[in-house]
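Read through the structure below, which is laid out as structure tokens, and then see the notes.
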Amino acid sequence: MAEPLPSYAMPAKKPAQSHLGLIAALVLVAALAVLLVLDRDSILHGMIAGTIPLTRDNVFDCIRQYGHWLFSLYLLITAGALFLESRNPDRTLAWLLALALLPVVGIALYWVVGPNFRYLADRRRFRLPKPQGISEDFTVGEDLPLAKDTMHLLYRTSGARLVTGRDVVPYYDGAKTFERIKDCLRNARRGILLESYIIENDKLGNEIKDILIERAQSGVFVAVIYDAVGSWHMGKKFLRALRNGGVYAHAFLPVSFPMFRGANYRNHRKIIIVDGERAFMGGMNIGDEYAEMSPKFSYWRDAHLELSGQGVGVLRGIFLADLAACGAGEDLLARAHEATRQAEPFVSQCPDLPAKKCADDETPMQIIASGPDTPWDTIQKAYFSLITRSREKLWLTTPYVVPGGALLEALCMASLSGVDVRLLVPGKADHLIVHWANRDCFDELLRAGVRIFLYDPKGFVHAKTITCDGVILSIGSANLDARSLHINFEVQAFLYDRILAAEAETAFENDMRRSFELTFEAWRRRPKIEKVKESVGKLFSSLL
């Protein structure tokens with residue numbers, strides 16, 4: 001009997017049915033249209049019955065006579081859906097203003113990016129496997145109360161078990177990371193599972209593609225999940241080569257008219273699993289810039305993680321759930337599961353959580369997936385827990401910092417309480433609107449004493465890491481912005497290990513030497529045009 005799929009999330013609670021607003025609007029509009037068709041005196045009935053010729057002038061007359069009724073009804077239902085959704089009142093007011101000031105554009109924009117997409121948790125193809133064998137009885141060392149609190153939070157919000165990773169290696173250099181990834185892929189013997197937000201049709205992308213095809217033609221099972229929007233430039237030729245080469249390639253939430261509302265909800269995860277024995281996860285997509293071959297930036301600073309042991313099974317469960325969400329059949333899922341099944345069960349030698357590693361090659365960790373298919377914004381709550389419980393130092397690296405009210409207040413409170421809070425962000429923009437929105441929170445952070453470091457503009461920092469009190473290291477795909485925390489599908493690892501946390505702090509200190517520290521005095525002297533740009537970016541902050 002095959003082993004059960006590894007699980008990573010609690011059973012989905014019944015979410016807010018925000019999509020019912022759209023259904024109700026369409027039903028009422030359709031009902032009104034039917035009434036108009038049945039009205040023998042209406043132009044619409046005459047054109048359908050053939051008593052009135054179907055000409056352009058008659059069509060325009062029909063639109064002028066009935067169009068405003070249909071549009072008003074649709075607008076009314078949209079506004080009602082806004083009120084019924086469980087969302088921030090500021091966002092509700094902003095959307096209502098957009099509907100009032102931009103009647104046509106506002107409605108179109110709202111139904112594409114506005115509604116709460118949490119209802120995915122109630123859809124069969126997105127439903128998560130029920131956790132098996134999970135115990136709430138976490139026994140931890142007395143000197144790690146912060147770790148204990150965080151573990152309970154992650155378990156209760158996502159069902160994330162405390163597992164151990166073996167031979168855990170963080171990478172802070174893109175070129176070395178991909179050399180290691182390519183070496184592991186070339187030596188795959190049973191199965192490869194690869195998931196990436198971006199797969200570029202460039203030098204690195206084609207190198208990875210050729211390795212995957214070669215392995216697939218050698219009898220290795222290879223499955224790839226790419227985000228339909230993030231990998232927009234991958235190209236049909238690239239995709240055709242993968243599929244013709246025996247690779248099972250699937251787009252996540254392809255953007256088409258029936259799923260157009262899903263265009264805003266992207267899979268930002270980066271996961272690679274080889275033979276069920278080794279796995280990679282973190283912030284690096286597959287593209288030349290991530291391997292430090294970008295023509296725009298001379299140096300690309302990122303963070304990734306390699307591990308074996310129980311953590312591989314958790315990542316495999318996340319991948320298989322995403323593969324099912326892409327519409328994969330039971331046969332393909334069974335093949336993916338069998339090809340990456342661990343050769344023998346991994347028995348941890350760590351019954352509780354001490355101050356250091358359980359053994360020389362073991363690291364206690366929890367790996368959590370967050371997104372519209374889960375009932376909680378787990379990663380946001382985990383970040384909030386780390387920030388509010390930190391007592392000594394909290395060092396954060398993120399390319400995008402649009403934390404929202406709760407996390408912004410938490411960062412300020414931590415700093416004002418005496419915690420050494422440091423924030424490392426890019427010194428040069430890769431997306432202008434996001435760059436402007438990033439800086440909107442700087443004023444409040446600097447006033448509270450948070451130290452902000454702008455990375456060398458010749459390079460770009462893309463890592464998503466947090467170190468807390470020298471005890472916890474968080475590394476994964478989630479940025480400190482609304483998109484990662486509320487909208488995208490993300491995966492983040494929380495490692496309870498002093499040694500790895502110290503290594504991450506050393507990497508942070510090296511980054512500080514390549515950065516410019518922004519002071520409050522310098523910030524206040526910035527040009528007024530910069531303030532205008534920040535205000536523009538702030539308008540889009542809830543979607544970034």
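In the structure tokens, chains take the letters A, B, ... in the order shown, each chain's residues start at 1, and ligands count up from 1 in the order shown.
The residue set within 9 Å of stretch 167-170 of chain A, counting only C-alpha atoms and dropping same-chain residues fewer than 4 places from it, reads Ala303, His304, Leu305, Glu306, Leu307, Ser308, Gly309, Asp360, Asp361, Glu362, Thr363, Ile475, Leu500, Glu503 and Ala504 of chain A.
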- Using only C-alpha atoms, which residues sit within 9 Å of A:His250 once same-chain residues fewer than 4 positions away are excluded, as a list in words?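 That gives Ala223, Val224, Ile225, Tyr226, Asp227, Ala228, Leu323, Cys326, Gly327 and Ala328 of chain A.
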- If you run DSSP on this backbone, which residues of stretch 134-284 of chain A come out as helix (DSSP H, G or I), and could you give them as a ChimeraX atom specification? /A:145-158,174-186,203-217,232-234,236-244,257-264
- Message: Restricting the calculation to only C-alpha atoms: of A:Arg451, A:His486, A:Arg498, A:Arg278, which residue gets closest to A:Asn187?
- Response: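 Comparing A:Arg451, A:His486, A:Arg498, A:Arg278 against A:Asn187, the winner is A:Arg278.
Among the candidates A:Phe508, A:Phe238, A:Phe520, A:Tyr290, the residue lying nearest to A:Leu394 is A:Phe508 (atoms considered: only C-alpha atoms).
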